[in-house]
$ cat protein00.txt   # compact mmCIF, C-alpha atoms
# COMPACT_ATOMS: atom_id res chain seq x y z
CA GLY A 1 60.36 125.44 109.32
CA PRO A 2 58.77 123.18 106.70
CA ARG A 3 59.43 124.17 103.11
CA LEU A 4 58.32 122.98 99.70
CA PRO A 5 60.65 121.26 97.22
CA ASN A 6 62.02 123.58 94.56
CA MET A 7 59.90 122.69 91.53
CA THR A 8 61.49 125.29 89.25
CA GLU A 9 64.74 123.43 88.60
CA LYS A 10 64.12 120.66 86.13
CA GLY A 11 65.55 117.32 87.22
CA LYS A 12 66.50 118.62 90.68
CA THR A 13 63.46 117.35 92.56
CA GLY A 14 63.11 114.02 94.28
CA LYS A 15 60.36 111.47 93.71
CA ILE A 16 58.18 109.38 95.99
CA LYS A 17 56.45 106.19 94.87
CA LEU A 18 53.95 104.67 97.30
CA PRO A 19 52.80 101.05 96.84
CA LYS A 20 49.12 100.24 96.30
CA GLU A 21 49.23 98.11 99.43
CA ILE A 22 49.09 101.27 101.56
CA PHE A 23 45.79 102.43 100.08
CA HIS A 24 44.21 98.97 100.05
CA SER A 25 44.73 98.77 103.81
CA LEU A 26 42.95 102.05 104.52
CA GLY A 27 39.45 101.87 105.96
CA SER A 28 38.07 104.93 104.16
CA TRP A 29 37.86 105.94 100.53
CA THR A 30 39.92 109.05 101.02
CA ALA A 31 43.18 109.61 102.84
CA ARG A 32 45.49 112.59 103.17
CA VAL A 33 49.03 112.06 101.87
CA VAL A 34 51.39 114.50 103.57
CA VAL A 35 54.99 115.04 102.46
CA THR A 36 56.98 117.33 104.76
CA VAL A 37 60.38 118.65 103.73
CA LEU A 38 62.41 120.00 106.66
CA ASN A 39 65.60 122.00 106.78
CA ILE A 40 67.13 120.57 109.95
CA GLN A 41 69.86 123.21 110.11
CA GLN A 42 67.22 125.93 110.59
CA LEU A 43 65.10 123.83 112.94
CA GLY A 44 67.88 122.35 115.09
CA MET A 45 66.17 118.97 114.96
CA PHE A 46 67.29 115.42 114.12
CA GLU A 47 70.74 115.86 115.65
CA GLU A 48 72.37 112.54 116.50
CA VAL A 49 75.09 112.29 119.13
CA ASN A 50 78.51 111.46 117.58
CA GLN A 51 77.11 111.52 114.06
CA THR A 52 79.81 110.77 111.48
CA GLY A 53 77.84 111.24 108.25
CA GLN A 54 76.43 114.42 106.77
CA VAL A 55 72.74 114.86 105.94
CA LEU A 56 72.26 115.61 102.23
CA ASP A 57 71.45 119.34 101.87
CA ASP A 58 70.38 119.32 105.57
CA THR A 59 67.07 117.95 104.30
CA VAL A 60 64.74 115.44 105.97
CA VAL A 61 61.60 114.19 104.21
CA GLY A 62 58.63 113.03 106.25
CA ILE A 63 55.89 110.90 104.64
CA THR A 64 52.54 110.06 106.21
CA VAL A 65 49.34 108.56 104.76
CA GLY A 66 46.15 108.83 106.76
CA GLU A 67 46.17 108.85 110.55
CA THR A 68 47.85 105.50 111.29
CA SER A 69 51.44 104.33 111.37
CA ILE A 70 52.41 102.27 108.35
CA PHE A 71 55.17 99.68 108.59
CA ARG A 72 56.15 96.16 107.43
CA LEU A 73 55.15 96.80 103.84
CA GLN A 74 55.44 93.82 101.47
CA GLU A 75 56.21 96.16 98.57
CA PRO A 76 58.60 98.93 99.66
CA MET A 77 58.03 102.64 99.36
CA LYS A 78 60.60 104.25 97.02
CA LEU A 79 62.05 107.67 97.79
CA THR A 80 64.50 109.16 95.27
CA PHE A 81 67.00 111.80 96.40
CA THR A 82 68.66 113.82 93.61
CA HIS A 83 72.14 115.25 94.08
CA ARG A 84 75.36 116.03 92.27
CA GLN A 85 77.84 113.24 91.66
CA LEU A 86 79.30 112.40 95.05
CA PRO A 87 83.06 112.63 95.64
CA TYR A 88 85.01 109.40 95.60
CA GLY A 89 85.08 107.83 99.05
CA ILE A 90 81.64 109.12 100.06
CA THR A 91 79.01 106.43 100.62
CA PRO A 92 75.28 107.35 100.57
CA GLN A 93 73.07 105.56 103.08
CA CYS A 94 69.27 105.68 103.34
CA VAL A 95 68.24 106.21 106.95
CA PHE A 96 65.21 107.19 109.03
CA TRP A 97 64.90 108.84 112.41
CA ASP A 98 64.47 106.30 115.18
CA PRO A 99 63.34 108.03 118.43
CA SER A 100 64.15 104.91 120.46
CA LYS A 101 67.82 104.86 119.46
CA GLY A 102 70.15 106.07 122.18
CA MET A 103 69.13 108.71 124.68
CA ALA A 104 67.69 111.29 122.27
CA GLY A 105 67.12 109.26 119.09
CA GLY A 106 69.31 108.63 116.09
CA TRP A 107 69.52 107.57 112.47
CA SER A 108 68.82 103.93 111.59
CA SER A 109 68.88 102.02 108.30
CA SER A 110 66.76 99.06 109.43
CA GLY A 111 64.19 98.15 106.78
CA CYS A 112 65.76 100.43 104.16
CA PHE A 113 67.74 99.44 101.08
CA THR A 114 70.08 101.91 99.34
CA GLN A 115 70.50 101.98 95.54
CA PRO A 116 73.11 104.61 94.57
CA ARG A 117 73.16 106.03 91.04
CA ASN A 118 75.29 108.72 89.36
CA ASN A 119 73.17 111.76 90.27
CA ARG A 120 70.51 110.24 92.50
CA THR A 121 70.00 107.64 95.21
CA ILE A 122 66.89 105.48 95.56
CA CYS A 123 65.77 104.51 99.05
CA SER A 124 63.46 101.49 99.29
CA CYS A 125 61.91 101.25 102.79
CA ASN A 126 59.21 99.04 104.28
CA HIS A 127 57.65 101.77 106.43
CA LEU A 128 56.75 105.48 106.43
CA THR A 129 58.42 108.05 108.71
CA PHE A 130 61.08 110.80 108.43
CA PHE A 131 63.83 109.88 105.95
CA THR A 132 67.09 111.37 104.76
CA LEU A 133 70.22 110.44 102.86
CA LEU A 134 73.28 110.22 105.08
CA LEU A 135 76.61 110.83 103.33
CA ASN A 136 79.28 108.82 105.12
CA PRO A 137 82.94 109.59 104.41
CA ALA A 138 85.16 106.52 104.18
CA LEU A 139 87.85 108.50 105.97
CA ASP A 140 88.09 111.60 108.10
CA GLU A 141 91.23 113.68 108.43
CA SER A 142 92.46 112.16 111.70
CA THR A 143 91.85 108.60 110.47
CA ALA A 144 93.61 109.31 107.18
CA GLN A 145 96.65 110.75 108.95
CA ALA A 146 96.78 107.82 111.36
CA LEU A 147 96.55 105.33 108.50
CA MET A 148 99.31 107.10 106.57
CA ALA A 149 101.52 106.97 109.68
CA VAL A 150 100.82 103.25 110.20
CA ALA A 151 101.41 102.54 106.51
CA THR A 152 104.69 104.48 106.51
CA VAL A 153 106.06 102.63 109.54
CA GLY A 154 104.79 99.31 108.19
CA CYS A 155 106.37 99.88 104.79
CA GLY A 156 109.68 100.71 106.45
CA VAL A 157 109.62 97.47 108.44
CA ALA A 158 108.45 95.48 105.40
CA THR A 159 111.28 96.94 103.31
CA ALA A 160 113.87 95.72 105.82
CA PHE A 161 112.38 92.21 105.98
CA SER A 162 112.07 92.06 102.19
CA ILE A 163 115.81 92.69 101.94
CA PHE A 164 116.44 89.95 104.56
CA THR A 165 114.21 87.56 102.60
CA ILE A 166 115.96 88.21 99.28
CA ALA A 167 119.36 87.74 100.93
CA PHE A 168 118.14 84.50 102.52
CA CYS A 169 116.87 83.19 99.16
CA ILE A 170 120.18 84.04 97.47
CA PHE A 171 122.06 82.24 100.26
CA LEU A 172 119.97 79.07 99.87
CA ARG A 173 120.21 79.14 96.05
CA CYS A 174 124.01 79.31 96.30
CA ARG A 175 124.15 76.61 98.96
CA PHE A 176 121.96 74.10 97.13
CA ARG A 177 122.98 74.54 93.51
CA SER A 178 122.12 70.92 92.61
CA GLU A 179 118.50 71.15 93.82
CA GLU A 180 116.80 72.45 90.64
CA THR A 181 113.26 72.39 92.04
CA LEU A 182 114.40 74.20 95.17
CA ARG A 183 116.23 76.82 93.13
CA ILE A 184 113.14 77.47 91.00
CA ASN A 185 110.94 77.77 94.09
CA LEU A 186 113.33 80.20 95.75
CA GLY A 187 113.76 82.19 92.54
CA LEU A 188 109.99 82.59 92.27
CA HIS A 189 109.68 83.65 95.93
CA MET A 190 112.57 86.07 95.48
CA ASN A 191 110.83 87.81 92.57
CA LEU A 192 107.59 88.15 94.53
CA VAL A 193 109.40 89.61 97.53
CA GLY A 194 111.35 91.86 95.16
CA SER A 195 108.10 93.26 93.79
CA LEU A 196 106.88 93.85 97.37
CA LEU A 197 110.15 95.63 98.13
CA LEU A 198 109.73 97.92 95.11
CA LEU A 199 106.09 98.62 96.04
CA ASN A 200 107.05 99.60 99.59
CA LEU A 201 109.83 101.86 98.32
CA ALA A 202 107.49 103.43 95.75
CA PHE A 203 104.91 104.13 98.47
CA LEU A 204 107.50 105.67 100.79
CA LEU A 205 108.78 107.83 97.94
CA ASN A 206 105.21 108.73 96.96
CA ASN A 207 104.22 109.58 100.51
CA GLY A 208 107.30 111.70 101.05
CA THR A 209 107.26 113.78 97.87
CA SER A 210 103.72 113.84 96.43
CA GLY A 211 102.63 116.95 98.36
CA GLY A 212 104.75 119.37 96.33
CA THR A 213 105.81 117.46 93.21
CA GLN A 214 105.65 118.80 89.69
CA PRO A 215 102.84 117.39 87.49
CA LYS A 216 105.25 115.47 85.23
CA THR A 217 107.11 114.02 88.22
CA CYS A 218 103.81 113.05 89.82
CA LYS A 219 102.73 111.24 86.65
CA VAL A 220 105.97 109.25 86.61
CA LEU A 221 105.66 108.46 90.32
CA GLY A 222 102.01 107.43 89.92
CA GLY A 223 102.89 105.14 87.03
CA LEU A 224 105.80 103.63 88.99
CA THR A 225 103.58 102.91 92.00
CA HIS A 226 100.93 101.35 89.75
CA TYR A 227 103.58 99.24 88.01
CA CYS A 228 104.94 97.91 91.31
CA LEU A 229 101.43 97.06 92.51
CA LEU A 230 100.62 95.19 89.29
CA CYS A 231 103.95 93.34 89.54
CA CYS A 232 102.96 92.15 93.02
CA PHE A 233 99.59 90.92 91.76
CA THR A 234 101.16 89.21 88.74
CA TRP A 235 103.81 87.42 90.82
CA MET A 236 101.08 86.25 93.20
CA ALA A 237 99.31 84.75 90.19
CA LEU A 238 102.55 83.10 89.04
CA GLU A 239 103.04 81.69 92.55
CA GLY A 240 99.59 80.15 92.24
CA CYS A 241 100.36 78.74 88.77
CA HIS A 242 103.65 77.30 89.98
CA LEU A 243 101.99 75.77 93.03
CA TYR A 244 99.39 74.17 90.76
CA LEU A 245 102.10 72.70 88.54
CA LEU A 246 103.97 71.36 91.56
CA PHE A 247 101.05 69.59 93.15
CA VAL A 248 98.79 68.72 90.21
CA LYS A 249 100.82 68.70 86.98
CA VAL A 250 103.99 67.38 88.59
CA LEU A 251 105.92 66.65 85.41
CA GLY A 252 104.79 69.83 83.69
CA ILE A 253 107.16 72.21 85.47
CA TYR A 254 110.30 71.10 83.64
CA ILE A 255 110.22 73.80 80.99
CA HIS A 256 113.28 75.17 79.22
CA HIS A 257 114.26 78.52 80.82
CA TYR A 258 111.20 78.21 83.03
CA LEU A 259 112.12 80.94 85.55
CA MET A 260 113.23 83.33 82.81
CA LYS A 261 109.85 82.98 81.08
CA LEU A 262 108.09 83.64 84.36
CA CYS A 263 110.17 86.81 84.77
CA LEU A 264 109.12 88.01 81.32
CA VAL A 265 105.49 87.66 82.35
CA GLY A 266 105.90 88.90 85.92
CA TRP A 267 107.78 92.08 85.01
CA GLY A 268 106.74 92.55 81.39
CA PHE A 269 102.95 92.25 81.48
CA PRO A 270 102.50 95.00 84.13
CA ALA A 271 104.78 97.26 82.08
CA LEU A 272 102.45 96.80 79.10
CA ILE A 273 99.39 97.75 81.16
CA VAL A 274 101.07 100.78 82.71
CA GLY A 275 102.32 101.87 79.30
CA VAL A 276 98.79 101.88 77.87
CA ALA A 277 97.43 103.67 80.95
CA GLY A 278 100.21 106.25 80.69
CA VAL A 279 99.48 106.95 77.02
CA ILE A 280 95.88 107.90 77.82
CA GLY A 281 97.08 110.14 80.67
CA SER A 282 95.75 108.20 83.65
CA TYR A 283 98.37 109.27 86.19
CA GLY A 284 98.64 112.43 88.23
CA GLU A 285 97.78 113.82 91.65
CA TYR A 286 94.99 111.94 93.42
CA SER A 287 93.42 113.53 96.50
CA ILE A 288 91.04 112.16 99.12
CA GLN A 289 88.51 114.81 100.15
CA THR A 290 85.76 115.29 102.70
CA MET A 291 82.25 116.41 101.77
CA ASP A 292 83.42 119.99 102.35
CA HIS A 293 86.15 119.42 99.71
CA GLN A 294 88.86 119.53 102.35
CA VAL A 295 91.87 117.53 101.16
CA ILE A 296 92.97 114.99 103.78
CA ALA A 297 95.51 113.02 101.71
CA ARG A 298 97.42 113.42 98.45
CA LEU A 299 99.13 110.73 96.41
CA CYS A 300 100.58 110.38 92.93
CA TRP A 301 98.28 107.74 91.53
CA ILE A 302 95.50 107.17 88.99
CA THR A 303 93.50 110.41 88.86
CA SER A 304 89.80 110.56 89.73
CA LYS A 305 88.98 111.21 86.06
CA TYR A 306 90.27 107.73 85.14
CA LEU A 307 88.82 105.65 87.97
CA LEU A 308 87.71 103.11 85.36
CA VAL A 309 91.40 102.33 84.81
CA HIS A 310 91.71 101.60 88.53
CA TYR A 311 88.64 99.36 88.57
CA VAL A 312 89.77 97.36 85.52
CA THR A 313 93.54 97.11 86.04
CA ASN A 314 93.53 96.78 89.83
CA CYS A 315 90.16 95.62 91.17
CA ALA A 316 89.10 93.31 88.32
CA TYR A 317 92.64 92.05 87.70
CA PHE A 318 93.22 91.18 91.35
CA SER A 319 89.76 89.62 91.66
CA LEU A 320 90.56 87.11 88.91
CA ILE A 321 93.96 86.36 90.45
CA PHE A 322 92.51 85.94 93.93
CA LEU A 323 89.75 83.57 92.78
CA PHE A 324 92.33 81.47 90.92
CA ASN A 325 94.69 81.38 93.91
CA VAL A 326 91.88 80.42 96.30
CA ALA A 327 91.07 77.48 94.03
CA VAL A 328 94.76 76.52 93.92
CA PHE A 329 94.99 76.74 97.70
CA GLY A 330 92.03 74.39 98.00
CA VAL A 331 93.60 71.89 95.60
CA VAL A 332 96.97 72.05 97.38
CA THR A 333 95.33 71.58 100.78
CA GLN A 334 93.37 68.57 99.54
CA LYS A 335 96.52 67.09 97.93
CA SER A 336 98.57 67.58 101.09
CA CYS A 337 95.90 65.93 103.23
CA CYS A 338 95.79 62.95 100.88
CA LEU A 339 99.58 62.57 100.98
CA GLN A 340 99.59 62.77 104.76
CA ARG A 341 96.85 60.15 105.06
CA THR A 342 98.76 57.77 102.81
CA GLY A 343 101.91 58.21 104.91
CA VAL A 344 104.01 59.90 102.21
CA VAL A 345 104.58 63.04 104.30
CA GLN A 346 105.82 62.11 107.75
CA GLY A 347 107.73 63.70 110.56
CA ASP A 348 107.12 66.47 113.03
CA ARG A 349 103.67 67.97 112.42
CA GLN A 350 102.86 70.31 115.30
CA ALA A 351 99.75 72.43 115.00
CA TRP A 352 101.75 75.68 114.94
CA LYS A 353 103.78 74.47 111.95
CA VAL A 354 100.65 73.57 110.01
CA ALA A 355 99.14 76.97 110.86
CA LEU A 356 102.35 78.72 109.84
CA MET A 357 102.40 76.94 106.50
CA ALA A 358 98.78 77.90 105.85
CA VAL A 359 99.34 81.55 106.79
CA GLY A 360 102.50 81.67 104.68
CA LEU A 361 100.70 80.28 101.65
CA PHE A 362 97.84 82.74 102.16
CA SER A 363 100.32 85.63 102.21
CA LEU A 364 102.17 84.23 99.22
CA LEU A 365 98.94 84.04 97.22
CA GLY A 366 97.79 87.55 98.20
CA ALA A 367 94.92 86.83 100.59
CA THR A 368 95.65 89.95 102.67
CA TRP A 369 94.94 92.17 99.65
CA ALA A 370 91.38 90.82 99.46
CA LEU A 371 90.50 92.98 102.49
CA ALA A 372 90.43 95.95 100.10
CA PHE A 373 86.99 94.82 98.95
CA PHE A 374 85.62 95.41 102.47
CA THR A 375 86.96 98.97 102.81
CA HIS A 376 83.82 100.65 101.47
CA GLY A 377 81.17 102.16 103.69
CA THR A 378 80.69 103.36 107.22
CA SER A 379 82.61 100.51 108.86
CA SER A 380 85.62 100.81 106.57
CA ALA A 381 88.04 102.47 109.04
CA PRO A 382 88.69 99.31 111.16
CA VAL A 383 89.05 97.24 107.99
CA LEU A 384 91.46 99.82 106.55
CA TYR A 385 93.61 99.56 109.68
CA LEU A 386 93.58 95.76 109.39
CA PHE A 387 94.34 95.95 105.65
CA THR A 388 97.25 98.34 106.22
CA ILE A 389 98.77 96.35 109.08
CA LEU A 390 98.44 92.91 107.45
CA ASN A 391 99.90 94.05 104.15
CA SER A 392 102.75 95.71 106.01
CA LEU A 393 103.36 92.35 107.69
CA GLN A 394 103.22 90.40 104.41
CA GLY A 395 106.99 90.60 103.92
CA ILE A 396 107.60 89.49 107.53
CA ILE A 397 105.17 86.56 107.20
CA ILE A 398 106.82 85.37 103.98
CA PHE A 399 110.29 85.66 105.60
CA ILE A 400 109.26 83.55 108.62
CA TRP A 401 107.49 81.07 106.33
CA LEU A 402 110.58 80.62 104.15
CA VAL A 403 112.87 80.18 107.16
CA ALA A 404 110.54 77.58 108.70
CA LEU A 405 110.11 75.76 105.39
CA TYR A 406 113.65 75.69 104.02
CA TYR A 407 116.06 76.11 106.92
CA PRO A 408 117.93 74.39 108.47
CA LYS A 409 116.70 71.01 107.20
CA THR A 410 116.56 71.77 103.50
CA LYS A 411 118.19 68.57 102.29
CA GLU A 412 116.29 66.23 104.55
CA THR A 413 113.01 68.14 105.04
CA THR A 414 110.28 65.55 105.06
CA GLY A 415 107.43 68.02 104.68
CA SER A 416 108.98 70.29 102.07
CA LEU A 417 107.76 70.79 98.56
CA SER A 418 110.84 69.07 97.15
CA HIS A 419 110.12 65.84 99.00
CA ILE A 420 106.52 65.78 97.82
CA ILE A 421 107.51 66.54 94.23
CA LYS A 422 110.17 63.83 94.22
CA HIS A 423 107.67 61.30 95.53
CA ASP A 424 105.05 62.29 92.94
CA LYS A 425 107.62 62.06 90.14
CA THR A 426 108.60 58.56 91.25
CA THR A 427 104.96 57.52 91.51
CA ALA A 428 104.12 58.93 88.08
CA VAL A 429 107.11 57.23 86.42
CA SER A 430 106.32 53.87 88.05
CA GLN A 431 102.71 54.12 86.86
CA ASP A 432 103.90 54.79 83.30
$ encode --input "protein00.txt" --output "structure tokens"
Amino acid sequence: GPRLPNMTEKGKTGKIKLPKEIFHSLGSWTARVVVTVLNIQQLGMFEEVNQTGQVLDDTVVGITVGETSIFRLQEPMKLTFTHRQLPYGITPQCVFWDPSKGMAGGWSSSGCFTQPRNNRTICSCNHLTFFTLLLNPALDESTAQALMAVATVGCGVATAFSIFTIAFCIFLRCRFRSEETLRINLGLHMNLVGSLLLLNLAFLLNNGTSGGTQPKTCKVLGGLTHYCLLCCFTWMALEGCHLYLLFVKVLGIYIHHYLMKLCLVGWGFPALIVGVAGVIGSYGEYSIQTMDHQVIARLCWITSKYLLVHYVTNCAYFSLIFLFNVAVFGVVTQKSCCLQRTGVVQGDRQAWKVALMAVGLFSLLGATWALAFFTHGTSSAPVLYLFTILNSLQGIIIFIWLVALYYPKTKETTGSLSHIIKHDKTTAVSQD
């Protein structure tokens, strides 16, 4: 039944802070404050149907002041739950028991705000009732296995289309040797697709061998996968820079050995980052676990000890690239609309072609990777499926986009980048 908090362990007890508003609203000078700590495993209470999260230490805390129900507080009540550092992929959520939810009641987070810390979580709620901290796994075993299967199939398909895309780019570069702008564009696209090809191959190799690999082999494989991922991000940034030069700084793209310099950045800068991360020992076996420490997936990647490396080199790095590419996409869209209004870009402009160009540019600039920022929390499984499927389709989307853009009317394409660039060069020279 009800039990008292363990006051003997220093720093292991929770804290409750009640706002003065509660006591100002009471009619009498004295009021009983009752804090009830329940072990729901012993009581068999507070059991929600189809509950996905786990109640912290099977503990529910009930708070009452006086004899009346207290809700809609202007200043929230603060309840602090102490716990060990939670495993990666586990999201704490402050909830209370809502008897009106479902047939027999359930957990609800309405009116509660969750503030996670290293070894504690603060729940700020605008009412008093029975509270707990629900630990929600980002993935369960069945979801993780399904995602790995989808990712494996998707990477296999993406690998095939990446090879088709590279072959198509080589064919067009050989066919139109005199079109320097076209050759640079295709060379840039070919490097981006090449980095996607290497990333897909690294993932397939990682997924196939990481379960029983030696520690040294796993470190090499983790570093290789990280390098391929950073190459993809870097080439997406270079695609954005090149697009900006094409549409805004039209005469600024004629740089000596331009594509070679881009290759030095696109393949060299990630190697520098991975080299530094490898020196400090960031790579090894990374496992995704449940709250019961059951391993549901293993990969050779950045280890849990060096998650800061992941946040800086992957999350922060991609965030900067994505913000820049979104700005470039806005500028390019505005420029294209202006050119179309002035009659520079003419010809067949069906809605599906415009949509295809927009989707292709989004894929080229890495928009599908931005879904990773929404894969945290209780609703992450559907987003993870969407993230996995769309990124598996990225190579296919780029292939279709390139075919629609450059073939078979490459020389006379009225809506292609080359036509726009040639017009802008002529306009700029005439203005000079």
$ residues_around --input "protein00.txt" --residues "stretch 309-315 of chain A" --least-positions-apart "4" --cutoff "12 Å" --atoms "all atoms listed in the file" --output "number ranges by chain"
A: 222-223, 225-234, 269-274, 276-278, 280-283, 286, 301-305, 319-322, 369-373
$ closest_atom_pairs --input "protein00.txt" --of "stretch 8-105 of chain A" --to "stretch 121-130 of chain A" --cutoff "10 Å" --atoms "all atoms listed in the file" --output "CSV"
residue,atom,partner,partner_atom,distance
A:Gly14,CA,A:Ile122,CA,9.4
A:Lys15,CA,A:Ile122,CA,9.1
A:Ile16,CA,A:Cys123,CA,9.5
A:Lys17,CA,A:Ser124,CA,9.5
A:Leu18,CA,A:Leu128,CA,9.6
A:Ile22,CA,A:His127,CA,9.9
A:Val35,CA,A:Phe130,CA,9.5
A:Thr36,CA,A:Phe130,CA,8.5
A:Val37,CA,A:Phe130,CA,9.2
A:Leu38,CA,A:Phe130,CA,9.5
A:Phe46,CA,A:Phe130,CA,9.6
A:Val60,CA,A:Phe130,CA,6.4
A:Val61,CA,A:Phe130,CA,5.4
A:Gly62,CA,A:Phe130,CA,4.0
A:Ile63,CA,A:Thr129,CA,5.6
A:Thr64,CA,A:Leu128,CA,6.2
A:Val65,CA,A:Leu128,CA,8.2
A:Ser69,CA,A:Leu128,CA,7.3
A:Ile70,CA,A:His127,CA,5.6
A:Phe71,CA,A:His127,CA,3.9
A:Arg72,CA,A:Asn126,CA,5.3
A:Leu73,CA,A:Asn126,CA,4.7
A:Gln74,CA,A:Asn126,CA,7.0
A:Glu75,CA,A:Asn126,CA,7.1
A:Pro76,CA,A:Asn126,CA,4.7
A:Met77,CA,A:Cys125,CA,5.4
A:Lys78,CA,A:Ser124,CA,4.6
A:Leu79,CA,A:Cys123,CA,5.0
A:Thr80,CA,A:Ile122,CA,4.4
A:Phe81,CA,A:Thr121,CA,5.3
A:Thr82,CA,A:Thr121,CA,6.5
A:His83,CA,A:Thr121,CA,8.0
A:Pro92,CA,A:Thr121,CA,7.5
A:Gln93,CA,A:Cys123,CA,8.4
A:Cys94,CA,A:Cys123,CA,5.7
A:Val95,CA,A:Cys123,CA,8.4
A:Phe96,CA,A:Phe130,CA,5.5
A:Trp97,CA,A:Phe130,CA,5.9
A:Asp98,CA,A:Phe130,CA,8.8
$ closest_residue --input "protein00.txt" --among "A:Leu384, A:Ile400, A:Leu221, A:Ile288" --to "A:Phe161" --atoms "all atoms listed in the file"
A:Ile400
$ atom_distance --input "protein00.txt" --atom1 "atom CA of A:Glu179" --atom2 "atom CA of A:Phe399"
20.4 Å
$ closest_residue --input "protein00.txt" --among "A:Ile389, A:Cys263, A:Ile90, A:Cys337" --to "A:Ala149" --atoms "all atoms listed in the file"
A:Ile389
